[in-house]
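What follows is a set of notes on a single structure, which appears directly below.
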Amino acid sequence: MQNFHFLIVGFKKSIFRFLFVLIAILICISCSFDSKIDYNTQVKPILNKKCISCHGGVKQNGDFSLMTQELAFKPAKSGNLAIIPGDAKNSELIKRINHHDPEERMPQEAAPLLKEEIKILTKWIDQGADWGIHWAYRPLVSDAKPTVTTMGFSASSKSMLPQDKIDFYVKSKLDELGLIPNKEAEKSELLRRVSLDLIGMPSPKSLKDKFLNSKNPIPFEELVDSLMNLQSFGEKWATMWLDIARYADSKGFERDPSRNIWPYRDYVIKAFNNDKPYDEFVIEQMAGDLLENPTDEQYIATGFHRNTTTNDEGGTDNEEYRVKAVMDRVSTTWEGLMGTTMACVQCHGHPYDPFPHETYYESFAFFNNTRDADTYMDYPILRFFDVKSQEKLDSLKNWMEMVGGKEKAAETELFLKTIQPVIYSIEVDQMVNADLYDTKYLGLRKNGSARIPNVNLRDHANFTMTSKTSSDAGIISLRIDSLTGTEIGKINLANTNRRYKLVEIPIQHNGGLHDIFLYYTNSKMKDSNNMGIQIDWFQLAGKFLGEEDKNYNLNKKRYEDLLLAPLEHTLIMIENPIDQQRKSFVFDRGNWLVHDEEVNAQVPEIFSPIPKNQGENRLAFAKWMVNKENPLTSRTFVNRIWEQLFGKGIVETVEDLGSQGEFPTHLELLDYLSWNWMNNQNWSIKSLIKSIVLSSTYRQSAIISELALEKDPYNKYLSRGPRVRLSGEQIRDQSLNISGLLSTKMYGPPVMPYQPENIWQTPYSNEAWTISSGEDQHRRAVYTMIKRSAVYPSMETFDMPLRQVCTARRIRTNTPLQALVTLNDPVYVEASEHLASRMQKEGGSTIAEQINFAYQLAMNKNISPEKSKILESLYYQTLQELKISNPNNEIESQQIALANVANSIINLDEMLNN
Amino acid sequence: MKRDLNNLFNEHHLRNGELNTRRIFLKNAGLSLGAIALGSMFPGCSSEINNGSIKNLNPLVPKSPHFAAKAKSVIYIHMAGAPSQFELFEYKPILNKLHGQDCPPSLLNDKKFAFIRGVPKMLGGQSLFEKVGQSGTLISDNLPHFKNVVDEVSFLRGMHTDQFNHAPAQMMMHTGSPQQGRPSIGSWATYGLGSENQNLPGFVVLTSGGVNPDAGKPVWGSGFLPSVYQGVQCRSKGDPVLYLGNPECTSRDMRKLSIDAINDINKLTYEEFHDPETVSRISQYEMAYRMQISVPEVMSISDEPQYIHEMYGTKVGKECFANNVLLARKLVEKGVRFVQLFDWGWDTHGTSKNTALEVGLINKCRETDKPVAALILDLKQRGLLDETLIIWGGEFGRTPMAENRNGVEQMFHGRDHHPDAFTMWMAGGGIKKGFSHGETDEIGYAAVKGRQSINDLHATILNQLGFDHEHFTHDFQGRPFRLTDVGGTVIKDIIA
């Protein structure tokens with residue numbers, strides 16, 4: 001096992017020699033013949049860098065653009081053809097880049113192209129100007145053959161396990177570059193690496209013993225399986241996804257109030273633990289609400305796109321923030337899930353990639369018909385019934401089934417669960433003596449009125465609303481089409497003592513689409529500046545069923561109680577009903593107030609379209625994303641998993657697989673893994689991760705050789721194992737874990753571990769950071785309350801994003817403020833103290849043994865004598881110091897000195913890296 | 001002159017070079033790692049060879065801009081909530097005449113206000129003005145001390161923005177975009193210039209007024225730049241920098257022992273793995289140790305002479321704006337690149353005493369007028385004003401109409417948010433003295449001359465720091481981003 005390295009080593013030496021000769025021949029061939037110019041790797045980079053800023057998606061000077069083949073091959077303004085395939089000499093492009101007159105020479109007002117660049121472009125046109133598709137937009141095919149297949153290797157490469165294929169591709173590249181892979185890491189190092197990668201902290205002792213200390217050690221594969229089966233697997237991997245989902249527990253602006261959406265976070269943890277296939281995972285999050293009879297889980301999953309910020313600040317335009325949220329959904333979907341940066345297409349065509357301006361709004365249209373509207377209550381929500389209300393609901397349902405049938409009962413249940421569809425009171429206009437108070441809800445003063453535009457009355461018998469009043473003489477009258485129009489309903493309002501109640505107004509009308517005018521008056525109200533009634537939402541509904549039944553009143557009361565009960569809830573997506581559909585337009589230069597042409601929901605032309613029978617809604621879009629013909633979804637996720645495990649993606653710019661992103665270091669490998677994941681691993685995330693960590697590539701030692709430092713300092717080509725600084729979450733979890741403090745409690749509302757005072761200094765807010773009690777202080781980092789305006793500072797210091805927008809990739813920094821966290825943050829001080837007492841209790845009798853015990857806990861191996869000596873001397877020197885400051889209490893001094901040692905261990909570079 | 005320091009994703013090329021230098025240095029110089037770490041410990045006094053190779057490891061190492069800079073550091077004073085220009089700088093006799101009359105529909109049509117509904121009344125200035133200084137500038141009686149320094153500043157009277165809610169407008173003012181996710185101006189400055197003092201953060205944030213600005217910490221965030229460039233909030237209560245103080249039972253000497261031990265072991269780790277990041281970590285732990293002394297030192301104002309305390313109106317031991325202003329001076333004196341002050345409580349809607357032009361605003365002026373004037377004079381007397389750019393302003397302006405929240409008249413005099421016109425001023429750092437740029441119409445509703453956007457303001461600030469704003473970019477998501485996005489023209493008129 002120890003000597004197992006690269007697969008290639010397994011081959012007979014003769015094959016190796018044969019390969020070497022072949023490569024040599026191949027190199028010779030490529031020298032003597034004119035090799036084919038590759039558009040993607042050779043031409044496109046020159047065009048992007050030197051030409052496209054004036055002849056691209058934004059500017060098309062001289063009516064010439066290099067955005068698409070079609071544009072590039074058509075005559076420019078001058079009438080000349082810039083590119084004549086097969087004829088470089090007469091192509092205007094070649095003429096102009098070679099022009100002797102600096103006024104005429106391209107690029108204008110910039111340095112001329114390099115000779116090498118001119119040569120490439122000339123050769124490319126002479127060879128026929130093949131307009132290659134950018135690698136990321138090419139479909140994934142089963143036969144992602146290595147470039148060396150011609151060398152008689154393909155037969156054996158096909159039968160390889162995925163992990164072997166990884167090694168095959170990596171080794172091929174290393175050979176090419178003259179790099180030598182490292183040996184397999186020590187078992188202890190490997191155990192630490194794979195545990196931190198899979199569960200985010202050191203492995204449980206039992207597994208560690210089985211792998212390291214048993215006479216009959218379990219194989220590495222079994223270790224991997226066991227780690228993946230732990231619940232902590234999901235808690236670790238959720239963080240990666242929550243960065244993309246910009247998950248947080250607050251709304252984001254000004255007073256930044258808390259928001260209840262933690263069930264979504266729990267959904268993500270469970271999905272990883274249950275190895276929910278990625279295609280399902282994506283569909284549920286994008287459009288779970290549109291699946292047939294969605295389960296609660298599927299509704300909760302749609303919280304993915306409800307993690308957008310909302311603005312409660314007084315005087316905000318709710319529609320503006322609704323539109324912003326939709327735009328954020330478009331950007332997040334493309335960037336986070338399909339590695340494409342669409343944000344620039346908001347304002348103009350993509351400068352480098354094949355996405356015209358309207359593409360953005362065609363994507364926008366998929367997301368533009370959800371019920372959320374920047375309301376104060378963050379509607380729509382999914383409510384969770386506690387035991388008592390569930391009983392009530394069950395009784396109500398039983399009764400409804402009896403008087404109205406199953407369908408009616410189910411409909412009522414869904415309404416009670418989601419409070420949808422309704423019309424929000426902030427959707428009114430034409431207010432007189434009325435206002436959207438604090439832009440959160442409608443308030444009507446004496447003789448106040450407002451209009452609800454475009455209501456389809458159908459055959460609804462009731463107009464209901466939730467409202468509160470503080471006097472008993474108010475009257476609401478409903479009129480259609482004008483304030484003086486026909487009155488269709490009227491009601492005397494009771495005093496609700498400033499509590500929301502359900503008000504039901506029977507209406508008489510002939511159906512059809514009408515504006516409804518609300519008119520409020522109150523004969524007893526004196527001060528016409530006071531608000532008489534405050535309204536949250538309206539609903540048009542049929543009569544409450546079963547009027548003739550003796551239990552009618554009882555059940556109606558149950559219904560009202562359930563509707564108004566303050567229940568635990570989470571944010572979800574719900575599609576607008578047919579009566580409330582929005583149109584989508586191109587926004588001129590991205591300005592949401594200036595509408596250009598109307599657009600329909602569709603996917604960019606460069607990809608295969610959504611099949612006709614699937615419609616044009618979010619669900620169709622989601623299914624299209626995980627259709628095997630979509631070239632981006634699988635590549636993006638595989639690249640992301642690779643980035644998580646190696647610290648760097650195969651495409652380093654995880655957020656951008658487009659032509660302006662980095663070119664993949666191992667394209668065939670990425671393509672192979674992406675195809676294999678969809679087709680053979682059936683989108684199983686665990687299988688994907690497993691095949692990567694089983695590879696010899698992953699299992700290499702992380703030692704950096706002289707050669708590697710010179711030729712591959714950033715380990716792009718993987719001549720060594722990954723050595724990456726842990727995330728803020730991992731650093732916290734590891735410290736709590738080895739100190740024995742870490743709680744294993746899972747799920748539930750966010751917790752507030754220790755945080756310094758005065759971090760939450762939010763205007764107009766009474767919310768405070770109240771340190772959680774009991775084990776909630778020591779939960780895994782993923783459960784920590786995330787307030788967007790003031791993220792948990794110690795994790796932020798270790799580069800946790802502020803979760804305001806999608807973060808496709810964290811950028812690691814190395815700062816003195818990080819040292820201060822692990823040295824002085826009371827969380828780490830406490831962990832050090834607990835680690836010290838574990839050392840005393842469990843570590844043995846000598847200081848050296850105790851030090852070794854603590855080191856072992858995290859590093860899985862004995863501390864070297866040299867390092868141990870340093871820590872031992874730290875212990876005795878600290879004791880010496882304490883003799884002066886604390887002469888009387890020797891036992892306490894010993895504890896303090898040991899805690900100082902424990903804290904130093906927590907701060908070691910080896911501890912902060914995987 | 002186009003520089004390539006901006007591209008983080010290409011930064012590895014740069015770092016690649018550094019790595020090689022370091023590797024070769026390690027090999028050739030034949031010095032132990034300890035000596036290198038030592039070199040980073042005293043950046044000022046280490047030998048020349050290792051200075052070069054180690055300094056580059058630090059992302060905050062001083063860097064030179066595109067061209068010679070007028071200003072070395074910036075003190076940005078943001079009055080969160082948006083102060084009323086009509087009670088401070090904008091004397092409008094015609095508006096005073098119109099006081100109490102209905103606002104004409106031409107000013108209301110197609111206009112959106114945060115709180116004004118229906119037809120509000122015009123509201124004349126609520127303070128007296130006096131012509132002061134050689135420049136003969138009209139300044140409100142609310143700012144008696146500022147009157148003495150008016151000949152040091154340039155006013156921007158025609159500022160405008162497109163945001164009329166606090167949080168997005170503050171984001172706009174400090175990051176150039178109302179949406180979240182962009183780097184703040186202080187982050188850009190430290191990203192481009194590094195910091196002169198390696199023992200202090202390069203970008204320091206100080207807040208007063210009891211709460212953080214409405215937009216929260218993102219307003220000094222580093223957006224898509226590495227988090228090392230985000231503002232470090234220094235606090236007057238508790239640790240001046242989070243987690244700076246050692247735990248109760250850990251003395252300074254014990255801390256020294258433990259950092260030495262950690263670094264000794266890390267040196268062994270480096271010998272094992274040869275990971276350059278380990279070398280960085282060693283120097284960062286040393287810097288943390290130094291910061292534990294240097295930050296409390298610079299954050300303490302008790303050693304300042306009495307006349308300085310009187311000049312600024314500071315209150316030792318309290319959390320207040322005056323203390324922060326004095327700290328800002330100390331910080332730039334020590335080489336901190338960008339000091340951002342936020343003072344909260346300027347949102348004068350007139351819905352209560354505290355937000356009334358006749359009470360709340362006057363109180364805010366009393367708290368801030370003296371220290372701001374003192375800052376200018378103090379920097380001047382120390383010869384630092386020329387190289388320190390001071391910027392003063394809110395996130396938007398206020399309406400010439402009285403607020404009538406929910407369509408109802410207010411108890412007090414107040415003004416609503418107004419993005420179309422407001423006043424800011426700049427001083428020092430190569431800015432003209434005693435100058436006014438821009439002019440609003442006779443009721444101060446909109447700029448008629450010198451109408452300047454926030455992009456223009458940012459372009460000007462960057463210009464004073466030595467950057468061409470159009471070429472100071474950072475590649476992210478496949479395109480170069482700038483602080484000024486696609487706009488911005490340097491306001492040449494106010495440059496000395």
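Ordering of the structure tokens sets the chain letters (A, B, ...); residue numbers start at 1 within each chain; ligands are numbered from 1 in the order shown.
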message: Env of Val448 (chain B): 9 Å cut, atoms = only C-alpha atoms, seq-sep filter 6 positions within chain, self excluded. Answer as a ChimeraX atom specification.
response: /B:158,438-441
Would you mind exporting C-alpha atoms of the selected residues as a PDB file, in the first residue's frame?
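That gives us result31.pdb:
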```pdb
ATOM      1  CA  GLY B 158     -23.800  70.070  -7.410  1.00  0.00           C
ATOM      2  CA  GLY B 438     -21.078  73.742  -8.936  1.00  0.00           C
ATOM      3  CA  GLU B 439     -24.275  75.540  -8.206  1.00  0.00           C
ATOM      4  CA  THR B 440     -27.883  74.568  -7.657  1.00  0.00           C
ATOM      5  CA  ASP B 441     -30.977  76.430  -8.805  1.00  0.00           C
TER       6      ASP B 441
END
```
- prompt: What residues in chain B have any atom no more than 7 Å from chain A when counting only C-alpha atoms, and can you write them as a PyMOL selection string?
  reply: chain B and resi 16+20+114-115+165+167+180-181+211-212+214-218+226-228+243-247+254+257-258+261-262+265-266+272-275+278+281+284-285+287-288+406+408+477-478
Write out the residues from the selection above, keeping N, CA and C atoms, as a short mmCIF file (atom, residue, chain, number, x, y, z; two decimals), in the first residue's frame.
```
data_model
loop_
_atom_site.label_atom_id
_atom_site.label_comp_id
_atom_site.auth_asym_id
_atom_site.auth_seq_id
_atom_site.Cartn_x
_atom_site.Cartn_y
_atom_site.Cartn_z
N ASN B 16 4.37 33.99 -8.66
CA ASN B 16 5.27 32.98 -9.18
C ASN B 16 6.69 33.52 -9.18
N ASN B 20 9.96 32.37 -6.90
CA ASN B 20 11.27 31.98 -7.41
C ASN B 20 12.35 32.81 -6.75
N ALA B 114 -38.92 59.26 -0.82
CA ALA B 114 -38.98 58.18 0.15
C ALA B 114 -40.24 58.32 1.01
N PHE B 115 -40.51 59.54 1.47
CA PHE B 115 -41.63 59.71 2.41
C PHE B 115 -42.63 60.79 2.01
N ASN B 165 -32.56 55.73 -0.85
CA ASN B 165 -32.67 55.04 0.44
C ASN B 165 -31.27 54.93 1.03
N ALA B 167 -29.37 52.72 2.82
CA ALA B 167 -28.43 51.62 2.66
C ALA B 167 -27.85 51.57 1.24
N GLN B 180 -24.79 45.10 -3.34
CA GLN B 180 -23.69 44.66 -2.51
C GLN B 180 -22.72 43.80 -3.32
N GLY B 181 -21.52 43.70 -2.82
CA GLY B 181 -20.56 42.80 -3.46
C GLY B 181 -19.37 43.49 -4.10
N VAL B 211 -24.52 53.59 16.42
CA VAL B 211 -24.77 52.43 15.56
C VAL B 211 -23.91 52.52 14.31
N ASN B 212 -23.82 51.40 13.62
CA ASN B 212 -23.10 51.36 12.35
C ASN B 212 -23.94 52.05 11.28
N ASP B 214 -26.21 52.56 7.97
CA ASP B 214 -27.36 51.76 7.56
C ASP B 214 -26.97 50.57 6.69
N ALA B 215 -25.97 50.75 5.86
CA ALA B 215 -25.61 49.68 4.93
C ALA B 215 -24.77 48.60 5.61
N GLY B 216 -24.43 48.80 6.88
CA GLY B 216 -23.68 47.78 7.60
C GLY B 216 -22.23 47.70 7.14
N LYS B 217 -21.58 46.63 7.57
CA LYS B 217 -20.15 46.49 7.30
C LYS B 217 -19.79 46.40 5.81
N PRO B 218 -20.71 45.96 4.95
CA PRO B 218 -20.31 45.90 3.54
C PRO B 218 -19.81 47.23 3.01
N PRO B 226 -9.45 40.45 -2.21
CA PRO B 226 -9.15 39.61 -1.04
C PRO B 226 -9.49 40.34 0.26
N SER B 227 -9.90 39.59 1.27
CA SER B 227 -10.42 40.22 2.48
C SER B 227 -9.34 40.97 3.25
N VAL B 228 -8.09 40.77 2.89
CA VAL B 228 -7.03 41.50 3.56
C VAL B 228 -7.17 43.01 3.31
N TYR B 243 -10.23 40.94 19.18
CA TYR B 243 -9.35 39.86 19.64
C TYR B 243 -7.90 40.31 19.81
N LEU B 244 -7.71 41.63 19.93
CA LEU B 244 -6.34 42.12 20.04
C LEU B 244 -5.73 41.80 21.40
N GLY B 245 -6.54 41.90 22.44
CA GLY B 245 -6.02 41.72 23.79
C GLY B 245 -5.82 40.25 24.12
N ASN B 246 -4.77 39.99 24.87
CA ASN B 246 -4.55 38.61 25.33
C ASN B 246 -5.61 38.25 26.36
N PRO B 247 -5.89 36.96 26.49
CA PRO B 247 -6.82 36.54 27.54
C PRO B 247 -6.26 36.94 28.91
N MET B 254 4.14 35.92 28.35
CA MET B 254 3.67 34.58 27.98
C MET B 254 3.31 34.53 26.49
N LEU B 257 6.35 34.12 24.54
CA LEU B 257 6.81 32.74 24.59
C LEU B 257 6.03 31.86 23.62
N SER B 258 4.70 32.04 23.63
CA SER B 258 3.91 31.13 22.79
C SER B 258 4.09 31.45 21.31
N ALA B 261 7.27 29.93 20.26
CA ALA B 261 7.16 28.47 20.14
C ALA B 261 6.43 28.10 18.85
N ILE B 262 5.31 28.78 18.61
CA ILE B 262 4.52 28.50 17.39
C ILE B 262 5.41 28.69 16.17
N ILE B 265 8.13 26.03 15.72
CA ILE B 265 7.60 24.79 15.15
C ILE B 265 7.22 25.00 13.68
N ASN B 266 6.66 26.17 13.38
CA ASN B 266 6.29 26.43 11.98
C ASN B 266 7.52 26.42 11.07
N GLU B 272 9.81 20.80 6.47
CA GLU B 272 9.19 19.56 6.03
C GLU B 272 8.48 19.72 4.68
N PHE B 273 7.63 20.74 4.58
CA PHE B 273 6.75 20.86 3.42
C PHE B 273 7.20 21.90 2.39
N HIS B 274 8.04 22.83 2.81
CA HIS B 274 8.48 23.91 1.92
C HIS B 274 7.34 24.73 1.36
N ASP B 275 6.29 24.88 2.15
CA ASP B 275 5.15 25.64 1.66
C ASP B 275 5.39 27.13 1.96
N THR B 278 3.66 29.04 4.71
CA THR B 278 4.12 28.89 6.09
C THR B 278 5.03 30.06 6.47
N ARG B 281 2.89 32.90 7.20
CA ARG B 281 2.21 32.77 8.49
C ARG B 281 3.16 33.16 9.63
N GLN B 284 3.16 36.79 9.83
CA GLN B 284 1.87 37.34 10.28
C GLN B 284 1.71 37.19 11.79
N TYR B 285 2.23 36.10 12.35
CA TYR B 285 2.15 35.94 13.81
C TYR B 285 3.02 36.99 14.49
N MET B 287 3.67 39.91 13.24
CA MET B 287 2.97 41.19 13.08
C MET B 287 1.83 41.30 14.09
N ALA B 288 1.12 40.20 14.30
CA ALA B 288 0.03 40.22 15.28
C ALA B 288 0.58 40.63 16.64
N ASN B 406 -46.38 60.07 5.02
CA ASN B 406 -47.70 59.47 4.85
C ASN B 406 -48.76 60.51 4.46
N VAL B 408 -49.03 63.47 5.75
CA VAL B 408 -49.49 64.20 6.93
C VAL B 408 -48.39 65.19 7.35
N GLN B 477 -14.96 37.80 -12.50
CA GLN B 477 -16.04 37.29 -13.34
C GLN B 477 -15.80 37.60 -14.81
N GLY B 478 -14.56 37.50 -15.22
CA GLY B 478 -14.26 37.63 -16.63
C GLY B 478 -14.25 39.04 -17.17
#
```
query: Do you know which residues are at most 6 Å from region 537-543 of chain A counting only C-alpha atoms, after dropping those on the same chain fewer than 4 positions away, and could you put them as a PyMOL selection string?
result: chain A and resi 422-425+460-466
Produce a file of the selected residues containing C-alpha atoms, as an mmCIF file, in the first residue's frame.
```
data_model
loop_
_atom_site.group_PDB
_atom_site.id
_atom_site.type_symbol
_atom_site.label_atom_id
_atom_site.label_comp_id
_atom_site.auth_asym_id
_atom_site.auth_seq_id
_atom_site.Cartn_x
_atom_site.Cartn_y
_atom_site.Cartn_z
ATOM 1 C CA VAL A 422 -53.162 36.460 -2.158
ATOM 2 C CA ILE A 423 -52.795 40.090 -3.214
ATOM 3 C CA TYR A 424 -50.361 41.986 -0.974
ATOM 4 C CA SER A 425 -51.635 45.299 0.314
ATOM 5 C CA HIS A 460 -65.706 34.653 -6.203
ATOM 6 C CA ALA A 461 -68.260 35.185 -3.474
ATOM 7 C CA ASN A 462 -65.977 36.685 -0.870
ATOM 8 C CA PHE A 463 -63.368 39.369 -0.627
ATOM 9 C CA THR A 464 -61.286 38.641 2.445
ATOM 10 C CA MET A 465 -58.420 40.489 4.028
ATOM 11 C CA THR A 466 -56.243 40.438 7.126
#
```
query: Counting only C-alpha atoms, which of B:Pro213, B:Gly313, B:Pro419, B:Gly125 gets nearest to Phe89 (chain B)?
result: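 Checking each of B:Pro213, B:Gly313, B:Pro419, B:Gly125 against Phe89 (chain B), counting only C-alpha atoms, the winner is B:Gly125.
Coordinates place CA of Thr418 (chain A) at a distance of 25.7 Å from CA of His514 (chain A).
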query: Out of region 84-179 of chain B, which residues get helix (DSSP H, G or I) from DSSP, as a ChimeraX atom specification?
result: /B:85-87,93-98,105-107,146-152,166-175
- request: Find the residues around Gly407 (chain B) up to 7 Å (only C-alpha atoms counted), leave out those fewer than 5 positions away in its own chain, and share them as a list in words.
  value: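 My reading of the contact set: Ile116, Arg117 and Gly118 of chain B.
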